[in-house]
$ cat my_file.txt   # compact mmCIF, C-alpha atoms
# COMPACT_ATOMS: atom_id res chain seq x y z
CA GLU J 540 50.83 69.28 100.53
CA ASP J 541 54.40 68.01 100.29
CA LYS J 542 56.88 69.86 102.49
CA VAL J 543 60.66 69.93 102.78
CA VAL J 544 62.52 71.71 105.58
CA GLN J 545 66.27 72.17 105.63
CA SER J 546 68.48 73.16 108.51
CA PRO J 547 70.49 75.09 109.33
CA LEU J 548 69.56 78.02 107.10
CA SER J 549 73.18 79.03 106.91
CA LEU J 550 76.50 77.83 108.19
CA VAL J 551 80.01 79.28 108.31
CA VAL J 552 82.95 76.94 108.84
CA HIS J 553 86.68 76.90 108.25
CA GLU J 554 88.51 74.77 105.76
CA GLY J 555 89.05 71.26 107.06
CA ASP J 556 85.90 71.22 109.17
CA THR J 557 83.21 68.58 108.74
CA VAL J 558 79.62 69.72 108.23
CA THR J 559 76.27 67.98 108.38
CA LEU J 560 73.28 69.41 106.58
CA ASN J 561 69.78 68.26 107.45
CA CYS J 562 66.66 67.73 105.40
CA SER J 563 63.32 66.62 106.80
CA TYR J 564 60.26 66.02 104.69
CA GLU J 565 56.59 65.23 104.60
CA VAL J 566 55.45 63.76 101.34
CA THR J 567 52.59 61.62 100.17
CA ASN J 568 53.83 58.44 98.47
CA PHE J 569 57.55 59.13 98.73
CA ARG J 570 59.60 58.14 95.70
CA SER J 571 63.06 59.67 96.17
CA LEU J 572 65.07 62.42 97.83
CA LEU J 573 67.63 64.42 95.92
CA TRP J 574 70.46 66.71 96.95
CA TYR J 575 71.66 69.55 94.73
CA LYS J 576 74.54 72.01 95.02
CA GLN J 577 73.86 75.52 93.77
CA GLU J 578 76.78 77.89 93.33
CA LYS J 579 76.22 80.93 91.20
CA LYS J 580 73.70 79.59 88.78
CA ALA J 581 71.87 76.35 88.12
CA PRO J 582 71.61 73.61 90.74
CA THR J 583 73.82 70.64 89.98
CA PHE J 584 72.84 67.16 90.99
CA LEU J 585 74.67 65.44 93.85
CA PHE J 586 72.74 62.39 95.03
CA MET J 587 69.45 60.59 94.67
CA LEU J 588 68.33 58.44 97.60
CA THR J 589 65.47 55.98 97.50
CA SER J 590 66.29 53.39 100.18
CA SER J 591 66.82 53.83 103.90
CA GLY J 592 70.21 53.22 105.42
CA ILE J 593 72.21 53.01 102.22
CA GLU J 594 74.91 55.65 102.13
CA LYS J 595 75.68 57.35 98.86
CA LYS J 596 79.22 58.66 98.63
CA SER J 597 81.11 60.86 96.21
CA GLY J 598 84.55 61.95 97.32
CA ARG J 599 84.21 64.00 100.49
CA LEU J 600 80.42 64.14 100.22
CA SER J 601 78.08 61.49 101.51
CA SER J 602 74.38 61.25 102.16
CA ILE J 603 71.98 58.88 103.82
CA LEU J 604 68.22 58.59 104.04
CA ASP J 605 66.00 57.53 106.94
CA LYS J 606 62.54 56.81 105.57
CA LYS J 607 61.15 55.93 108.98
CA GLU J 608 62.11 59.26 110.54
CA LEU J 609 61.60 61.14 107.25
CA PHE J 610 64.95 62.85 107.00
CA SER J 611 68.23 62.84 105.19
CA ILE J 612 71.66 64.23 105.98
CA LEU J 613 74.40 65.43 103.72
CA ASN J 614 77.91 65.23 105.15
CA ILE J 615 80.91 67.05 103.82
CA THR J 616 84.28 66.16 105.33
CA ALA J 617 87.50 68.16 105.11
CA THR J 618 85.62 71.13 103.68
CA GLN J 619 87.24 73.38 101.08
CA THR J 620 86.40 76.91 99.99
CA GLY J 621 85.01 75.40 96.78
CA ASP J 622 82.29 73.74 98.84
CA SER J 623 80.77 77.16 99.52
CA ALA J 624 77.31 77.04 97.96
CA ILE J 625 73.64 76.64 98.67
CA TYR J 626 72.71 73.01 99.17
CA LEU J 627 69.18 72.13 98.16
CA CYS J 628 67.18 69.10 99.16
CA ALA J 629 64.16 68.00 97.11
CA VAL J 630 61.68 65.17 97.29
CA ALA J 631 59.75 63.45 94.54
CA ASN J 632 56.51 61.59 95.09
CA ASN J 633 55.05 58.70 93.23
CA ALA J 634 52.53 60.92 91.53
CA GLY J 635 55.80 61.48 89.82
CA ASN J 636 55.29 64.89 88.46
CA MET J 637 57.25 67.36 90.47
CA LEU J 638 60.07 67.95 92.87
CA THR J 639 59.36 69.85 96.07
CA PHE J 640 62.39 71.81 97.19
CA GLY J 641 63.46 72.90 100.63
CA GLY J 642 64.68 76.43 101.29
CA GLY J 643 68.31 75.41 101.10
CA THR J 644 71.30 75.67 103.43
CA ARG J 645 73.84 78.34 102.61
CA LEU J 646 77.31 77.05 103.42
CA MET J 647 80.31 79.31 103.54
CA VAL J 648 83.75 77.78 103.98
CA LYS J 649 86.42 80.26 105.05
CA PRO J 650 90.12 79.72 104.32
CA ASN R 542 75.21 67.95 74.15
CA ALA R 543 73.76 71.29 75.24
CA GLY R 544 71.37 69.95 77.91
CA VAL R 545 68.82 72.57 79.00
CA THR R 546 69.18 76.01 77.41
CA GLN R 547 67.37 79.10 78.64
CA THR R 548 67.18 82.52 77.07
CA PRO R 549 67.55 85.35 77.86
CA LYS R 550 69.99 85.28 80.79
CA PHE R 551 68.92 88.71 82.06
CA ARG R 552 65.94 90.93 81.43
CA ILE R 553 64.46 94.10 82.88
CA LEU R 554 60.75 94.64 82.30
CA LYS R 555 58.47 97.53 83.10
CA ILE R 556 55.27 96.87 85.02
CA GLY R 557 52.58 95.66 82.65
CA GLN R 558 54.92 94.51 79.90
CA SER R 559 54.91 90.96 78.66
CA MET R 560 57.66 88.58 77.71
CA THR R 561 58.43 84.94 77.00
CA LEU R 562 61.25 83.02 78.65
CA GLN R 563 62.50 80.36 76.29
CA CYS R 564 63.58 76.89 77.33
CA THR R 565 64.75 74.06 75.14
CA GLN R 566 66.29 70.68 75.93
CA ASP R 567 68.02 68.23 73.63
CA MET R 568 67.92 65.15 75.84
CA ASN R 569 64.49 63.97 74.66
CA HIS R 570 63.21 64.21 78.22
CA ASN R 571 59.49 63.83 78.69
CA TYR R 572 59.14 66.03 81.78
CA MET R 573 59.88 69.74 81.85
CA TYR R 574 59.47 72.27 84.65
CA TRP R 575 59.62 75.96 85.36
CA TYR R 576 60.77 77.10 88.80
CA ARG R 577 61.31 80.50 90.31
CA GLN R 578 63.83 81.21 93.01
CA ASP R 579 63.54 84.29 95.17
CA PRO R 580 66.60 85.55 97.07
CA GLY R 581 67.66 83.20 99.86
CA MET R 582 64.84 80.78 99.09
CA GLY R 583 64.42 77.38 97.55
CA LEU R 584 62.80 76.75 94.20
CA LYS R 585 59.06 76.97 93.76
CA LEU R 586 57.35 75.17 90.90
CA ILE R 587 55.38 77.38 88.53
CA TYR R 588 54.26 74.95 85.82
CA TYR R 589 55.30 71.57 84.58
CA SER R 590 54.69 69.33 81.60
CA VAL R 591 54.72 65.55 81.38
CA GLY R 592 54.95 65.52 77.61
CA ALA R 593 54.16 67.42 74.44
CA GLY R 594 50.67 68.90 74.55
CA ILE R 595 50.25 68.42 78.32
CA THR R 596 50.85 71.09 80.95
CA ASP R 597 49.77 71.54 84.54
CA LYS R 598 50.01 74.11 87.31
CA GLY R 599 52.56 73.93 90.09
CA GLU R 600 52.65 75.81 93.39
CA VAL R 601 52.76 79.39 92.08
CA PRO R 602 51.17 79.55 88.61
CA ASN R 603 49.36 82.90 88.87
CA GLY R 604 50.58 85.45 86.37
CA TYR R 605 52.21 82.87 84.10
CA ASN R 606 51.30 80.68 81.17
CA VAL R 607 53.10 77.86 79.40
CA SER R 608 52.79 75.73 76.30
CA ARG R 609 54.46 72.51 75.19
CA SER R 610 53.95 72.05 71.49
CA THR R 611 57.11 69.95 71.09
CA THR R 612 59.12 67.67 73.35
CA GLU R 613 62.08 70.05 73.18
CA ASP R 614 60.53 73.42 73.97
CA PHE R 615 58.70 74.72 77.05
CA PRO R 616 58.34 78.52 76.95
CA LEU R 617 57.06 80.48 79.96
CA ARG R 618 54.93 83.53 79.27
CA LEU R 619 54.44 86.55 81.55
CA GLU R 620 51.49 88.59 80.28
CA LEU R 621 51.36 91.58 82.66
CA ALA R 622 54.63 91.80 84.54
CA ALA R 623 54.44 92.77 88.20
CA PRO R 624 57.23 93.59 90.69
CA SER R 625 56.36 90.38 92.57
CA GLN R 626 57.62 88.47 89.54
CA THR R 627 61.15 89.76 90.05
CA SER R 628 63.05 86.52 90.53
CA VAL R 629 65.44 84.05 88.98
CA TYR R 630 63.68 81.55 86.76
CA PHE R 631 64.98 78.06 86.14
CA CYS R 632 63.81 75.60 83.54
CA ALA R 633 64.51 71.92 84.13
CA SER R 634 63.86 68.61 82.46
CA SER R 635 63.89 64.99 83.48
CA GLN R 636 63.18 61.57 82.08
CA ARG R 637 60.71 60.06 84.50
CA ASP R 638 60.97 56.34 83.99
CA ARG R 639 62.74 53.40 85.62
CA GLY R 640 62.72 55.22 88.93
CA ASN R 641 64.85 58.09 87.72
CA THR R 642 63.90 61.46 89.15
CA GLU R 643 67.03 63.55 88.57
CA ALA R 644 66.27 66.92 87.01
CA PHE R 645 68.70 68.81 84.81
CA PHE R 646 68.59 72.58 85.10
CA GLY R 647 69.20 75.44 82.72
CA GLN R 648 71.45 78.31 83.79
CA GLY R 649 68.58 80.55 84.82
CA THR R 650 67.02 83.85 83.74
CA ARG R 651 67.29 86.79 86.09
CA LEU R 652 64.19 88.93 85.66
CA THR R 653 63.67 92.33 87.24
CA VAL R 654 60.31 94.10 86.99
CA VAL R 655 60.43 97.83 87.69

$ encode --input "my_file.txt" --output "structure tokens"
Amino acid sequence: EDKVVQSPLSLVVHEGDTVTLNCSYEVTNFRSLLWYKQEKKAPTFLFMLTSSGIEKKSGRLSSILDKKELFSILNITATQTGDSAIYLCAVANNAGNMLTFGGGTRLMVKP
Amino acid sequence: NAGVTQTPKFRILKIGQSMTLQCTQDMNHNYMYWYRQDPGMGLKLIYYSVGAGITDKGEVPNGYNVSRSTTEDFPLRLELAAPSQTSVYFCASSQRDRGNTEAFFGQGTRLTVV
């Protein structure tokens, strides 16, 4: 059974801080790892990672995958209150049919 | 382009009632999914479909049924609502080819069973 574990469960920081969110996984026939941001409603897509060691970057957010150690990190630099959300990690396998989600990390950024 | 549309947004059901959560997508995606999200938790897969006429169970299918008669629509049916089905339900779709696995989500349906 595929499994995704995220840590920490929750995190409170102040604006300007840098945070690192962790995602470890066990999956048969790994295909890709995805990060989503969930504010009040539907998750919105951030990154898809398929290759080890290649950093994906979008503004203050970046993510990298380590397929040997079976984990990924999501970094947010110079955090803003608008970064407050639940961050979800999911993995897809080559059976191709479903995403397995982790429990999420709840990030709160205080002014 | 509407993306993935779910209705209703909110619903309160009494124990034993039935209802259908509607989901439609206009992106011609082949894959569609239903997830539920309990408070403070990640998403758990209920059912999914790889194309019209094909459905399969996910992690937590008990108490639910689905159908996929068209590419666009993937309704989720609750036959005998139970308090354990109180949750937020998300429908999603994706086009699973050329290595793409990104899923697009609807805005969710908050269901309370009392």

$ closest_atom_pairs --input "my_file.txt" --of "chain J" --to "chain R" --cutoff "9 Å" --atoms "all atoms listed in the file" --output "CSV"
residue,atom,partner,partner_atom,distance
J:Arg570,CA,R:Gly640,CA,8.0
J:Ser571,CA,R:Thr642,CA,7.3
J:Leu572,CA,R:Thr642,CA,8.8
J:Leu573,CA,R:Glu643,CA,7.4
J:Lys580,CA,R:Gln648,CA,5.6
J:Ala581,CA,R:Gln648,CA,4.8
J:Pro582,CA,R:Phe646,CA,6.5
J:Thr583,CA,R:Phe646,CA,7.4
J:Phe584,CA,R:Glu643,CA,7.3
J:Phe586,CA,R:Glu643,CA,8.7
J:Met587,CA,R:Glu643,CA,7.2
J:Ile625,CA,R:Gly581,CA,9.0
J:Leu627,CA,R:Gly583,CA,7.1
J:Cys628,CA,R:Gly583,CA,8.9
J:Ala631,CA,R:Thr642,CA,7.1
J:Gly635,CA,R:Arg637,CA,7.4
J:Asn636,CA,R:Val591,CA,7.1
J:Met637,CA,R:Tyr589,CA,7.5
J:Leu638,CA,R:Leu586,CA,8.0
J:Thr639,CA,R:Lys585,CA,7.5
J:Phe640,CA,R:Leu584,CA,5.8
J:Gly641,CA,R:Gly583,CA,5.5
J:Gly642,CA,R:Gly583,CA,3.9
J:Gly643,CA,R:Gly583,CA,5.6
J:Arg645,CA,R:Gly581,CA,8.3

$ residues_around --input "my_file.txt" --residues "R:Gly544" --least-positions-apart "6" --cutoff "7 Å" --atoms "all atoms listed in the file" --output "PyMOL selection string"
chain R and resi 566-568

$ atom_distance --input "my_file.txt" --atom1 "atom CA of J:Ile603" --atom2 "atom CA of J:His553"
23.7 Å

$ axis_aligned_box --input "my_file.txt" --around "stretch 582-591 of chain J" --padding-each-side "3 Å" --output "AutoDock Vina command-line options"
--center_x 70.1 --center_y 63.5 --center_z 96.9 --size_x 15.2 --size_y 26.2 --size_z 19.9

$ closest_residue --input "my_file.txt" --among "R:Met560, R:Leu554, R:Val655, R:Val545" --to "R:Leu619" --atoms "all atoms listed in the file"
R:Met560

$ residues_around --input "my_file.txt" --residues "J:Pro547" --least-positions-apart "5" --cutoff "8 Å" --atoms "only C-alpha atoms" --output "VMD selection string"
chain J and resid 560 to 561 644

$ residues_around --input "my_file.txt" --residues "stretch 611-620 of chain J" --least-positions-apart "6" --cutoff "8 Å" --atoms "all atoms listed in the file" --output "list in words"
His553, Glu554, Gly555, Asp556, Thr557, Val558, Thr559, Leu560, Asn561, Cys562, Ser563, Trp574, Arg599, Leu600, Ser601, Ser602, Ile603, Leu604, Asp605, Met647, Val648, Lys649 and Pro650 of chain J

$ closest_residue --input "my_file.txt" --among "R:Ile553, R:Trp575, R:Tyr605, R:Ser634" --to "R:Glu620" --atoms "only C-alpha atoms"
R:Tyr605

$ atom_distance --input "my_file.txt" --atom1 "atom CA of R:Arg552" --atom2 "atom CA of R:Leu652"
5.0 Å

$ atom_distance --input "my_file.txt" --atom1 "atom CA of J:Asn633" --atom2 "atom CA of R:Asp579"
27.0 Å

$ decode --input "my_file.txt" --residues "stretch 609-655 of chain R" --atoms "N, CA and C atoms" --output "PDB file, in the first residue's frame"
ATOM      1  N   ARG R 609     -19.888   6.583 -14.584  1.00  0.00           N
ATOM      2  CA  ARG R 609     -19.196   7.468 -15.533  1.00  0.00           C
ATOM      3  C   ARG R 609     -19.750   7.151 -16.919  1.00  0.00           C
ATOM      4  N   SER R 610     -20.902   7.710 -17.192  1.00  0.00           N
ATOM      5  CA  SER R 610     -21.540   7.439 -18.480  1.00  0.00           C
ATOM      6  C   SER R 610     -20.985   8.336 -19.583  1.00  0.00           C
ATOM      7  N   THR R 611     -20.405   9.459 -19.210  1.00  0.00           N
ATOM      8  CA  THR R 611     -19.792  10.363 -20.187  1.00  0.00           C
ATOM      9  C   THR R 611     -18.404  10.755 -19.685  1.00  0.00           C
ATOM     10  N   THR R 612     -17.599  11.288 -20.573  1.00  0.00           N
ATOM     11  CA  THR R 612     -16.272  11.773 -20.169  1.00  0.00           C
ATOM     12  C   THR R 612     -16.388  12.918 -19.169  1.00  0.00           C
ATOM     13  N   GLU R 613     -17.429  13.739 -19.333  1.00  0.00           N
ATOM     14  CA  GLU R 613     -17.529  14.975 -18.543  1.00  0.00           C
ATOM     15  C   GLU R 613     -18.014  14.764 -17.111  1.00  0.00           C
ATOM     16  N   ASP R 614     -18.881  13.793 -16.903  1.00  0.00           N
ATOM     17  CA  ASP R 614     -19.601  13.713 -15.634  1.00  0.00           C
ATOM     18  C   ASP R 614     -19.198  12.500 -14.801  1.00  0.00           C
ATOM     19  N   PHE R 615     -19.099  12.721 -13.488  1.00  0.00           N
ATOM     20  CA  PHE R 615     -18.695  11.633 -12.576  1.00  0.00           C
ATOM     21  C   PHE R 615     -19.434  11.826 -11.256  1.00  0.00           C
ATOM     22  N   PRO R 616     -20.713  11.502 -11.192  1.00  0.00           N
ATOM     23  CA  PRO R 616     -21.477  11.711  -9.960  1.00  0.00           C
ATOM     24  C   PRO R 616     -21.141  10.677  -8.890  1.00  0.00           C
ATOM     25  N   LEU R 617     -21.224  11.117  -7.643  1.00  0.00           N
ATOM     26  CA  LEU R 617     -20.982  10.259  -6.473  1.00  0.00           C
ATOM     27  C   LEU R 617     -22.298  10.111  -5.720  1.00  0.00           C
ATOM     28  N   ARG R 618     -22.690   8.880  -5.471  1.00  0.00           N
ATOM     29  CA  ARG R 618     -23.974   8.597  -4.840  1.00  0.00           C
ATOM     30  C   ARG R 618     -23.766   8.068  -3.425  1.00  0.00           C
ATOM     31  N   LEU R 619     -24.501   8.662  -2.469  1.00  0.00           N
ATOM     32  CA  LEU R 619     -24.579   8.132  -1.106  1.00  0.00           C
ATOM     33  C   LEU R 619     -25.980   7.551  -0.944  1.00  0.00           C
ATOM     34  N   GLU R 620     -26.088   6.263  -0.667  1.00  0.00           N
ATOM     35  CA  GLU R 620     -27.407   5.638  -0.615  1.00  0.00           C
ATOM     36  C   GLU R 620     -28.053   5.752   0.761  1.00  0.00           C
ATOM     37  N   LEU R 621     -27.334   5.477   1.801  1.00  0.00           N
ATOM     38  CA  LEU R 621     -27.865   5.513   3.176  1.00  0.00           C
ATOM     39  C   LEU R 621     -26.882   6.319   4.009  1.00  0.00           C
ATOM     40  N   ALA R 622     -27.116   7.616   4.080  1.00  0.00           N
ATOM     41  CA  ALA R 622     -26.130   8.488   4.723  1.00  0.00           C
ATOM     42  C   ALA R 622     -25.934   8.131   6.194  1.00  0.00           C
ATOM     43  N   ALA R 623     -24.675   8.177   6.610  1.00  0.00           N
ATOM     44  CA  ALA R 623     -24.304   7.900   7.996  1.00  0.00           C
ATOM     45  C   ALA R 623     -23.449   9.050   8.514  1.00  0.00           C
ATOM     46  N   PRO R 624     -23.455   9.286   9.828  1.00  0.00           N
ATOM     47  CA  PRO R 624     -22.648  10.387  10.390  1.00  0.00           C
ATOM     48  C   PRO R 624     -21.167  10.296  10.003  1.00  0.00           C
ATOM     49  N   SER R 625     -20.672   9.081   9.801  1.00  0.00           N
ATOM     50  CA  SER R 625     -19.261   8.910   9.428  1.00  0.00           C
ATOM     51  C   SER R 625     -18.964   9.482   8.043  1.00  0.00           C
ATOM     52  N   GLN R 626     -20.003   9.788   7.290  1.00  0.00           N
ATOM     53  CA  GLN R 626     -19.806  10.361   5.965  1.00  0.00           C
ATOM     54  C   GLN R 626     -19.804  11.888   5.983  1.00  0.00           C
ATOM     55  N   THR R 627     -19.896  12.469   7.162  1.00  0.00           N
ATOM     56  CA  THR R 627     -19.721  13.909   7.302  1.00  0.00           C
ATOM     57  C   THR R 627     -18.286  14.250   6.936  1.00  0.00           C
ATOM     58  N   SER R 628     -18.128  15.080   5.907  1.00  0.00           N
ATOM     59  CA  SER R 628     -16.796  15.349   5.387  1.00  0.00           C
ATOM     60  C   SER R 628     -16.902  16.418   4.308  1.00  0.00           C
ATOM     61  N   VAL R 629     -15.757  16.806   3.792  1.00  0.00           N
ATOM     62  CA  VAL R 629     -15.723  17.643   2.593  1.00  0.00           C
ATOM     63  C   VAL R 629     -15.309  16.751   1.433  1.00  0.00           C
ATOM     64  N   TYR R 630     -16.071  16.809   0.367  1.00  0.00           N
ATOM     65  CA  TYR R 630     -15.835  15.936  -0.784  1.00  0.00           C
ATOM     66  C   TYR R 630     -15.285  16.762  -1.943  1.00  0.00           C
ATOM     67  N   PHE R 631     -14.216  16.247  -2.514  1.00  0.00           N
ATOM     68  CA  PHE R 631     -13.599  16.910  -3.667  1.00  0.00           C
ATOM     69  C   PHE R 631     -13.613  15.975  -4.865  1.00  0.00           C
ATOM     70  N   CYS R 632     -14.010  16.536  -5.982  1.00  0.00           N
ATOM     71  CA  CYS R 632     -13.893  15.855  -7.260  1.00  0.00           C
ATOM     72  C   CYS R 632     -12.664  16.419  -7.973  1.00  0.00           C
ATOM     73  N   ALA R 633     -11.977  15.585  -8.711  1.00  0.00           N
ATOM     74  CA  ALA R 633     -10.792  16.045  -9.436  1.00  0.00           C
ATOM     75  C   ALA R 633     -10.725  15.332 -10.779  1.00  0.00           C
ATOM     76  N   SER R 634      -9.972  15.920 -11.690  1.00  0.00           N
ATOM     77  CA  SER R 634      -9.760  15.267 -12.977  1.00  0.00           C
ATOM     78  C   SER R 634      -8.325  15.478 -13.411  1.00  0.00           C
ATOM     79  N   SER R 635      -7.862  14.608 -14.263  1.00  0.00           N
ATOM     80  CA  SER R 635      -6.519  14.755 -14.818  1.00  0.00           C
ATOM     81  C   SER R 635      -6.462  14.069 -16.170  1.00  0.00           C
ATOM     82  N   GLN R 636      -5.481  14.491 -16.946  1.00  0.00           N
ATOM     83  CA  GLN R 636      -5.234  13.864 -18.243  1.00  0.00           C
ATOM     84  C   GLN R 636      -3.955  13.067 -18.096  1.00  0.00           C
ATOM     85  N   ARG R 637      -4.082  11.758 -17.972  1.00  0.00           N
ATOM     86  CA  ARG R 637      -2.939  10.927 -17.651  1.00  0.00           C
ATOM     87  C   ARG R 637      -2.259  10.422 -18.910  1.00  0.00           C
ATOM     88  N   ASP R 638      -1.482  11.293 -19.537  1.00  0.00           N
ATOM     89  CA  ASP R 638      -0.648  10.843 -20.635  1.00  0.00           C
ATOM     90  C   ASP R 638       0.603  11.714 -20.673  1.00  0.00           C
ATOM     91  N   ARG R 639       1.587  11.290 -21.407  1.00  0.00           N
ATOM     92  CA  ARG R 639       2.842  12.023 -21.533  1.00  0.00           C
ATOM     93  C   ARG R 639       3.417  12.404 -20.166  1.00  0.00           C
ATOM     94  N   GLY R 640       3.242  11.532 -19.207  1.00  0.00           N
ATOM     95  CA  GLY R 640       3.861  11.743 -17.905  1.00  0.00           C
ATOM     96  C   GLY R 640       3.173  12.751 -17.029  1.00  0.00           C
ATOM     97  N   ASN R 641       2.075  13.299 -17.474  1.00  0.00           N
ATOM     98  CA  ASN R 641       1.409  14.334 -16.685  1.00  0.00           C
ATOM     99  C   ASN R 641       0.552  13.687 -15.611  1.00  0.00           C
ATOM    100  N   THR R 642       0.713  14.140 -14.369  1.00  0.00           N
ATOM    101  CA  THR R 642      -0.119  13.572 -13.311  1.00  0.00           C
ATOM    102  C   THR R 642      -0.867  14.641 -12.529  1.00  0.00           C
ATOM    103  N   GLU R 643      -0.769  15.896 -12.922  1.00  0.00           N
ATOM    104  CA  GLU R 643      -1.425  16.964 -12.177  1.00  0.00           C
ATOM    105  C   GLU R 643      -2.926  16.776 -12.193  1.00  0.00           C
ATOM    106  N   ALA R 644      -3.541  16.914 -11.021  1.00  0.00           N
ATOM    107  CA  ALA R 644      -4.993  16.814 -10.906  1.00  0.00           C
ATOM    108  C   ALA R 644      -5.565  18.198 -10.642  1.00  0.00           C
ATOM    109  N   PHE R 645      -6.693  18.467 -11.274  1.00  0.00           N
ATOM    110  CA  PHE R 645      -7.403  19.725 -11.076  1.00  0.00           C
ATOM    111  C   PHE R 645      -8.624  19.434 -10.204  1.00  0.00           C
ATOM    112  N   PHE R 646      -8.815  20.267  -9.193  1.00  0.00           N
ATOM    113  CA  PHE R 646      -9.856  19.998  -8.211  1.00  0.00           C
ATOM    114  C   PHE R 646     -11.045  20.935  -8.363  1.00  0.00           C
ATOM    115  N   GLY R 647     -12.229  20.411  -8.037  1.00  0.00           N
ATOM    116  CA  GLY R 647     -13.393  21.252  -7.846  1.00  0.00           C
ATOM    117  C   GLY R 647     -13.311  21.955  -6.504  1.00  0.00           C
ATOM    118  N   GLN R 648     -14.284  22.799  -6.223  1.00  0.00           N
ATOM    119  CA  GLN R 648     -14.253  23.630  -5.021  1.00  0.00           C
ATOM    120  C   GLN R 648     -14.756  22.916  -3.777  1.00  0.00           C
ATOM    121  N   GLY R 649     -15.236  21.712  -3.936  1.00  0.00           N
ATOM    122  CA  GLY R 649     -15.611  20.922  -2.762  1.00  0.00           C
ATOM    123  C   GLY R 649     -17.084  21.008  -2.424  1.00  0.00           C
ATOM    124  N   THR R 650     -17.577  19.955  -1.761  1.00  0.00           N
ATOM    125  CA  THR R 650     -18.938  19.906  -1.225  1.00  0.00           C
ATOM    126  C   THR R 650     -18.827  19.559   0.244  1.00  0.00           C
ATOM    127  N   ARG R 651     -19.333  20.447   1.088  1.00  0.00           N
ATOM    128  CA  ARG R 651     -19.307  20.173   2.527  1.00  0.00           C
ATOM    129  C   ARG R 651     -20.597  19.480   2.906  1.00  0.00           C
ATOM    130  N   LEU R 652     -20.491  18.230   3.333  1.00  0.00           N
ATOM    131  CA  LEU R 652     -21.653  17.417   3.677  1.00  0.00           C
ATOM    132  C   LEU R 652     -21.668  17.141   5.168  1.00  0.00           C
ATOM    133  N   THR R 653     -22.820  17.393   5.777  1.00  0.00           N
ATOM    134  CA  THR R 653     -23.023  17.065   7.190  1.00  0.00           C
ATOM    135  C   THR R 653     -24.179  16.094   7.295  1.00  0.00           C
ATOM    136  N   VAL R 654     -23.972  14.992   7.989  1.00  0.00           N
ATOM    137  CA  VAL R 654     -25.023  13.994   8.196  1.00  0.00           C
ATOM    138  C   VAL R 654     -25.398  14.010   9.673  1.00  0.00           C
ATOM    139  N   VAL R 655     -26.681  14.292   9.936  1.00  0.00           N
ATOM    140  CA  VAL R 655     -27.119  14.433  11.337  1.00  0.00           C
ATOM    141  C   VAL R 655     -28.220  13.422  11.671  1.00  0.00           C
TER     142      VAL R 655
END
